[in-house]
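A.B. asks: Following this message is one structure expressed as structure tokens.
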Amino acid sequence: MNHTIREIVSDQINKLNTYLDLIEKNGLEIKTIDIDRSYLAENYRKTQTFSKCINFKDLYDSLPKNKPVLYWFTFDIEKLKSENLEKALKKIEEITKSRKVSEVPKARRECKGTLYVGKVKDKFHYRFVNHLGHSINDKTGSLQLTYWYDPLIYGNLQLNYIVLEQEMKTLIGILEIELAKKLKPILGSHKN
């Protein structure tokens with residue numbers, strides 16, 4: 001039994017070391033999508049048209065489908081200050097009756113410019129649409145941005161993401177936790 005556990009742990013450490021070597025050689029690319037009001041238009045809600053819209057089809061098709069992705073949303077801290085943030089959080093609480101929204105912590109976190117930190121093992125393109133609020137399934141927990149986030153008031157959001165290799169799939173949860181500890185997102189279930 002102990003031998004098997006040691007093999008499993010050793011194998012995961014070797015995979016991680018291999019991937020870290022690749023990162024050192026190739027660099028770690030952080031990609032960014034600037035989310036303005038056009039991404040959050042009401043006509044995309046629950047219609048499956050966002051991914052087919054000529055304005056977004058190329059972007060949607062370019063998003064990773066078969067790889068793990070670590071991502072975080074950032075905002076303009078000058079525009080989403082405490083007064084506006086409280087208004088936004090109240091809107092979120094109102095829509096939770098009709099759609100499942102990412103957790104709003106009971107104890108408010110200090111606003112440092114990060115809205116949310118997340119990860120997916122695959123199908124990032126679907127998760128992106130869920131967070132925008134354009135998913136037909138209202139039971140999938142996500143930011144549901146189209147229902148409460150107003151870029152004209154709060155400023156544009158940025159979705160930052162890193163595409164990882166398959167070998168990192170089992171470790172991506174740890175990376176998400178560590179990133180959340182550093183970035184301190186105002187939404188999500190992270191205990192930071």
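Identifiers in the structure tokens: chain A, B, ... in order shown; residue index from 1 per chain; ligand index from 1 in order shown.
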Determine, counting only C-alpha atoms, which protein, DNA and RNA residues have an atom within 10 Å of an atom of stretch 177-186 of chain A; residues of the same chain fewer than 6 positions away are not included. Present the result as number ranges by chain.
C.D. replies: A: 70-74, 85, 89, 103-105, 107-119, 192
A.B. asks: Generate the output file for the selected residues, N, CA and C atoms, as an mmCIF file, in the first residue's frame.
C.D. replies:
data_model
loop_
_atom_site.group_PDB
_atom_site.id
_atom_site.type_symbol
_atom_site.label_atom_id
_atom_site.label_comp_id
_atom_site.auth_asym_id
_atom_site.auth_seq_id
_atom_site.Cartn_x
_atom_site.Cartn_y
_atom_site.Cartn_z
ATOM 1 N N LEU A 70 -6.553 27.989 -16.271
ATOM 2 C CA LEU A 70 -6.639 28.753 -15.033
ATOM 3 C C LEU A 70 -6.982 30.176 -15.457
ATOM 4 N N TYR A 71 -8.010 30.776 -14.828
ATOM 5 C CA TYR A 71 -8.443 32.101 -15.287
ATOM 6 C C TYR A 71 -8.872 32.986 -14.120
ATOM 7 N N TRP A 72 -8.886 34.290 -14.380
ATOM 8 C CA TRP A 72 -9.338 35.254 -13.387
ATOM 9 C C TRP A 72 -9.863 36.499 -14.101
ATOM 10 N N PHE A 73 -10.911 37.079 -13.517
ATOM 11 C CA PHE A 73 -11.516 38.306 -14.029
ATOM 12 C C PHE A 73 -11.009 39.476 -13.191
ATOM 13 N N THR A 74 -10.587 40.549 -13.856
ATOM 14 C CA THR A 74 -10.160 41.755 -13.150
ATOM 15 C C THR A 74 -11.019 42.933 -13.610
ATOM 16 N N LEU A 85 -19.711 48.812 -5.777
ATOM 17 C CA LEU A 85 -19.583 47.385 -5.502
ATOM 18 C C LEU A 85 -20.783 46.886 -4.699
ATOM 19 N N LEU A 89 -23.327 43.984 -5.866
ATOM 20 C CA LEU A 89 -23.563 42.781 -5.069
ATOM 21 C C LEU A 89 -25.044 42.611 -4.739
ATOM 22 N N GLU A 103 -20.686 32.205 -5.707
ATOM 23 C CA GLU A 103 -20.911 32.583 -4.314
ATOM 24 C C GLU A 103 -20.511 34.026 -4.026
ATOM 25 N N VAL A 104 -21.401 34.704 -3.324
ATOM 26 C CA VAL A 104 -21.094 36.029 -2.786
ATOM 27 C C VAL A 104 -20.775 35.803 -1.312
ATOM 28 N N PRO A 105 -19.509 35.940 -0.922
ATOM 29 C CA PRO A 105 -19.149 35.668 0.472
ATOM 30 C C PRO A 105 -19.918 36.569 1.440
ATOM 31 N N ALA A 107 -18.902 37.597 4.401
ATOM 32 C CA ALA A 107 -17.944 38.608 4.847
ATOM 33 C C ALA A 107 -17.306 39.221 3.603
ATOM 34 N N ARG A 108 -17.482 40.519 3.427
ATOM 35 C CA ARG A 108 -16.928 41.198 2.252
ATOM 36 C C ARG A 108 -15.406 41.147 2.286
ATOM 37 N N ARG A 109 -14.836 40.888 1.113
ATOM 38 C CA ARG A 109 -13.381 40.864 0.991
ATOM 39 C C ARG A 109 -12.895 42.241 0.558
ATOM 40 N N GLU A 110 -11.691 42.555 0.932
ATOM 41 C CA GLU A 110 -11.103 43.828 0.513
ATOM 42 C C GLU A 110 -11.003 43.851 -1.009
ATOM 43 N N CYS A 111 -11.444 44.916 -1.603
ATOM 44 C CA CYS A 111 -11.482 45.056 -3.053
ATOM 45 C C CYS A 111 -10.080 45.351 -3.582
ATOM 46 N N LYS A 112 -9.500 44.400 -4.315
ATOM 47 C CA LYS A 112 -8.141 44.573 -4.833
ATOM 48 C C LYS A 112 -8.085 44.515 -6.356
ATOM 49 N N GLY A 113 -9.264 44.492 -7.009
ATOM 50 C CA GLY A 113 -9.279 44.511 -8.468
ATOM 51 C C GLY A 113 -9.521 43.174 -9.128
ATOM 52 N N THR A 114 -9.734 42.110 -8.348
ATOM 53 C CA THR A 114 -10.034 40.804 -8.930
ATOM 54 C C THR A 114 -11.462 40.431 -8.570
ATOM 55 N N LEU A 115 -12.239 40.127 -9.583
ATOM 56 C CA LEU A 115 -13.636 39.761 -9.379
ATOM 57 C C LEU A 115 -13.775 38.289 -9.029
ATOM 58 N N TYR A 116 -13.043 37.427 -9.740
ATOM 59 C CA TYR A 116 -13.266 35.984 -9.609
ATOM 60 C C TYR A 116 -12.036 35.233 -10.105
ATOM 61 N N VAL A 117 -11.741 34.107 -9.495
ATOM 62 C CA VAL A 117 -10.675 33.205 -9.934
ATOM 63 C C VAL A 117 -11.306 31.838 -10.160
ATOM 64 N N GLY A 118 -10.967 31.206 -11.269
ATOM 65 C CA GLY A 118 -11.536 29.892 -11.547
ATOM 66 C C GLY A 118 -10.606 29.012 -12.357
ATOM 67 N N LYS A 119 -11.081 27.803 -12.587
ATOM 68 C CA LYS A 119 -10.327 26.832 -13.388
ATOM 69 C C LYS A 119 -11.299 25.879 -14.048
ATOM 70 N N ASN A 192 -10.110 32.923 1.422
ATOM 71 C CA ASN A 192 -8.849 33.664 1.460
ATOM 72 C C ASN A 192 -9.017 34.836 2.371
#
A.B. asks: So that I can see what lies close to A:Asn55, please list as a compact mmCIF listing (two decimals) with N, CA, C and O atoms, in the first residue's frame the residues with an atom at most 10 Å from it, counting only C-alpha atoms and leaving out residues fewer than 4 positions away in the same chain.
C.D. replies:
# COMPACT_ATOMS: atom_id res chain seq x y z
N SER A 38 -20.60 45.02 -25.32
CA SER A 38 -21.06 44.20 -26.45
C SER A 38 -21.09 42.71 -26.10
O SER A 38 -21.92 41.96 -26.62
N TYR A 39 -20.23 42.27 -25.20
CA TYR A 39 -20.20 40.87 -24.77
C TYR A 39 -21.40 40.51 -23.91
O TYR A 39 -21.75 39.35 -23.78
N PHE A 50 -24.51 33.71 -28.99
CA PHE A 50 -23.23 34.37 -28.75
C PHE A 50 -22.11 33.69 -29.53
O PHE A 50 -21.32 34.34 -30.20
N SER A 51 -22.05 32.37 -29.44
CA SER A 51 -20.95 31.63 -30.08
C SER A 51 -21.02 31.66 -31.61
O SER A 51 -20.04 31.42 -32.28
N LEU A 59 -13.34 34.55 -31.87
CA LEU A 59 -12.86 34.48 -30.49
C LEU A 59 -13.33 33.18 -29.84
O LEU A 59 -12.54 32.44 -29.25
N TYR A 60 -14.62 32.90 -29.94
CA TYR A 60 -15.19 31.70 -29.33
C TYR A 60 -14.49 30.44 -29.85
O TYR A 60 -14.11 29.57 -29.07
A.B. asks: I want to know what sits within 10 Å of A:Asn43, based on only C-alpha atoms, with residues of the same chain fewer than 5 positions away left out; could you give that as a PyMOL selection string?
C.D. replies: chain A and resi 48-50+134+146
A.B. asks: Could you save those same residues with N, CA, C and O atoms as an mmCIF file, in the first residue's frame?
C.D. replies:
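Once everything was written out, this is part17.cif:
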data_model
loop_
_atom_site.group_PDB
_atom_site.id
_atom_site.type_symbol
_atom_site.label_atom_id
_atom_site.label_comp_id
_atom_site.auth_asym_id
_atom_site.auth_seq_id
_atom_site.Cartn_x
_atom_site.Cartn_y
_atom_site.Cartn_z
ATOM 1 N N GLN A 48 -28.090 30.740 -27.321
ATOM 2 C CA GLN A 48 -26.989 30.076 -28.029
ATOM 3 C C GLN A 48 -26.534 30.856 -29.260
ATOM 4 O O GLN A 48 -25.999 30.291 -30.198
ATOM 5 N N THR A 49 -26.764 32.156 -29.274
ATOM 6 C CA THR A 49 -26.345 32.949 -30.428
ATOM 7 C C THR A 49 -24.980 33.596 -30.234
ATOM 8 O O THR A 49 -24.348 33.980 -31.210
ATOM 9 N N PHE A 50 -24.514 33.714 -28.992
ATOM 10 C CA PHE A 50 -23.234 34.372 -28.751
ATOM 11 C C PHE A 50 -22.114 33.686 -29.530
ATOM 12 O O PHE A 50 -21.324 34.341 -30.201
ATOM 13 N N HIS A 134 -24.806 33.795 -20.784
ATOM 14 C CA HIS A 134 -25.517 33.454 -22.006
ATOM 15 C C HIS A 134 -25.833 31.965 -22.128
ATOM 16 O O HIS A 134 -26.206 31.491 -23.186
ATOM 17 N N THR A 146 -24.107 39.242 -17.628
ATOM 18 C CA THR A 146 -25.099 40.009 -18.382
ATOM 19 C C THR A 146 -26.271 40.474 -17.528
ATOM 20 O O THR A 146 -26.923 41.463 -17.846
#
A.B. asks: Which of these, A:Arg99, A:Lys106, A:Asp122, A:Leu175, has the shortest distance to A:Thr140 once you count only C-alpha atoms?
C.D. replies: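 For A:Thr140, the nearest of the candidates is A:Arg99.
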A.B. asks: If we count only C-alpha atoms, what is near stretch 31-33 of chain A at a cut-off of 7 Å, once residues fewer than 4 positions away on the same chain are taken out, given as number ranges by chain?
C.D. replies: A: 158-162
A.B. asks: Could you please write out, as a list in words, every residue of stretch 83-152 of chain A that DSSP assigns to alpha helix (DSSP H)?
C.D. replies: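 Selection result, alpha helix (DSSP H) within stretch 83-152 of chain A: Glu83, Asn84, Leu85, Glu86, Lys87, Ala88, Leu89, Lys90, Lys91, Ile92, Glu93, Glu94, Ile95, Phe124, His125, Tyr126, Arg127, Phe128, Val129, Asn130, His131, Leu132, Pro151 and Leu152 of chain A.
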A.B. asks: Save out the residues we just selected, C-alpha atoms, as a PDB file, in the first residue's frame.
C.D. replies:
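Below is the file that was written, selection36.pdb:
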ATOM      1  CA  GLU A  83     -20.463  52.195  -3.207  1.00  0.00           C
ATOM      2  CA  ASN A  84     -20.754  50.773  -6.730  1.00  0.00           C
ATOM      3  CA  LEU A  85     -19.583  47.385  -5.502  1.00  0.00           C
ATOM      4  CA  GLU A  86     -22.380  47.243  -2.926  1.00  0.00           C
ATOM      5  CA  LYS A  87     -24.941  48.092  -5.635  1.00  0.00           C
ATOM      6  CA  ALA A  88     -23.511  45.375  -7.857  1.00  0.00           C
ATOM      7  CA  LEU A  89     -23.563  42.781  -5.069  1.00  0.00           C
ATOM      8  CA  LYS A  90     -27.215  43.617  -4.325  1.00  0.00           C
ATOM      9  CA  LYS A  91     -28.070  43.022  -7.993  1.00  0.00           C
ATOM     10  CA  ILE A  92     -26.339  39.645  -7.783  1.00  0.00           C
ATOM     11  CA  GLU A  93     -28.391  38.681  -4.752  1.00  0.00           C
ATOM     12  CA  GLU A  94     -31.586  39.577  -6.672  1.00  0.00           C
ATOM     13  CA  ILE A  95     -30.808  37.327  -9.641  1.00  0.00           C
ATOM     14  CA  PHE A 124     -13.133  26.650 -21.417  1.00  0.00           C
ATOM     15  CA  HIS A 125     -15.259  28.012 -24.274  1.00  0.00           C
ATOM     16  CA  TYR A 126     -18.413  26.804 -22.503  1.00  0.00           C
ATOM     17  CA  ARG A 127     -17.303  28.230 -19.173  1.00  0.00           C
ATOM     18  CA  PHE A 128     -16.673  31.599 -20.795  1.00  0.00           C
ATOM     19  CA  VAL A 129     -20.252  31.719 -22.133  1.00  0.00           C
ATOM     20  CA  ASN A 130     -21.581  30.610 -18.719  1.00  0.00           C
ATOM     21  CA  HIS A 131     -19.773  33.457 -16.967  1.00  0.00           C
ATOM     22  CA  LEU A 132     -21.090  35.970 -19.479  1.00  0.00           C
ATOM     23  CA  PRO A 151     -19.465  48.197 -18.060  1.00  0.00           C
ATOM     24  CA  LEU A 152     -20.763  51.746 -18.586  1.00  0.00           C
TER      25      LEU A 152
END
